[in-house]
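Everything below concerns the one structure shown next.
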Amino acid sequence: MSVSKTCLSLVSVLYPLFVVSAFAQDNPLPRTTSVVVQGFKFEMKNCQKTSTKSITCYFSVTNQQADRVLGLYASYAGGTSHFVDGGGMQIVASKSQLGSASGGVASTETVTDIAVRASLDFGVGDPKATFLGKLSMLFICGDQHFRVEFRKIPLEGS
């Protein structure tokens, strides 16, 4: 499948959806992993446990095409950004941040070749988990929804 210069128009039962996953081999991912989806480069930085045992995952997004708006969903009626931890618990994101925008959905204009900082905040997961089995992030560009997934991400912090 080739990716066009604009957001793809793929057919799905509920809404257009495109999923790309970055997989580790047998060990958790190195500190930085990246994947390109629909002309956006997603670079995973890290996921950290906070003092309250919540988890925040940090990444960046670089638009490799013409300027356009990108949105990141924590959750909404048609889907969620979520993770499955090493203990099998699925936790839905409570807040998304993309550039200076934050909330249940965050959107910002992305400028060609300029990285935008992004993060997802999650509630309490398994306190003994040492990695996320899967981080699944839900985005929108134009009227097209798509997912980016990273797997076996080590959890940093206490």
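By convention in this document, the chains of the structure tokens carry letters A, B, ... by their order, each chain's residues are numbered from 1, and ligands are numbered from 1 in the order they are shown.
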
Subject >> Contacts of stretch 116-120 of chain A at 6 Å (only C-alpha atoms; same-chain gap of 5+ positions) as number ranges by chain >> reply: A: 56-61, 95-99

I want to know what sits within 9 Å of A:Ala129, based on only C-alpha atoms, with residues of the same chain fewer than 5 positions away left out; could you give that as a PDB file with N, CA and C atoms, in the first residue's frame?
ATOM      1  N   ASP A  85      -0.754  -2.806  29.596  1.00  0.00           N
ATOM      2  CA  ASP A  85       0.523  -2.937  30.310  1.00  0.00           C
ATOM      3  C   ASP A  85       1.003  -4.380  30.305  1.00  0.00           C
ATOM      4  N   GLY A  86       2.170  -4.592  30.871  1.00  0.00           N
ATOM      5  CA  GLY A  86       2.773  -5.920  30.905  1.00  0.00           C
ATOM      6  C   GLY A  86       1.958  -6.935  31.672  1.00  0.00           C
ATOM      7  N   GLY A  87       1.041  -6.471  32.516  1.00  0.00           N
ATOM      8  CA  GLY A  87       0.158  -7.363  33.273  1.00  0.00           C
ATOM      9  C   GLY A  87      -1.162  -7.611  32.581  1.00  0.00           C
ATOM     10  N   LEU A 155       8.860   1.052  31.096  1.00  0.00           N
ATOM     11  CA  LEU A 155       8.351   2.104  31.980  1.00  0.00           C
ATOM     12  C   LEU A 155       9.487   2.607  32.854  1.00  0.00           C
TER      13      LEU A 155
END

Quick one: which stretch 46-67 of chain A residues come within 8 Å of stretch 100-111 of chain A, and what is the nearest atom pair for each with the distance in Å to one decimal, counting only C-alpha atoms, rows ordered by chain and ascending number, as CSV?
residue,atom,partner,partner_atom,distance
A:Thr62,CA,A:Thr110,CA,7.4
A:Asn63,CA,A:Thr110,CA,5.9
A:Ala66,CA,A:Val111,CA,7.1
A:Asp67,CA,A:Val111,CA,4.6

**OP:** Name the closest residue to A:Gln65 among the candidates A:Gly88, A:Val36, A:Asp113, A:Thr50; distances are taken between atoms, counting only C-alpha atoms.
**Re:**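 Smallest separation from A:Gln65 among the options: A:Asp113.
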
Original post:
Using only C-alpha atoms, which residues sit within 8 Å of A:Ile91 once same-chain residues fewer than 5 positions away are excluded, as a PyMOL selection string?
Top reply: chain A and resi 82-84+122-125
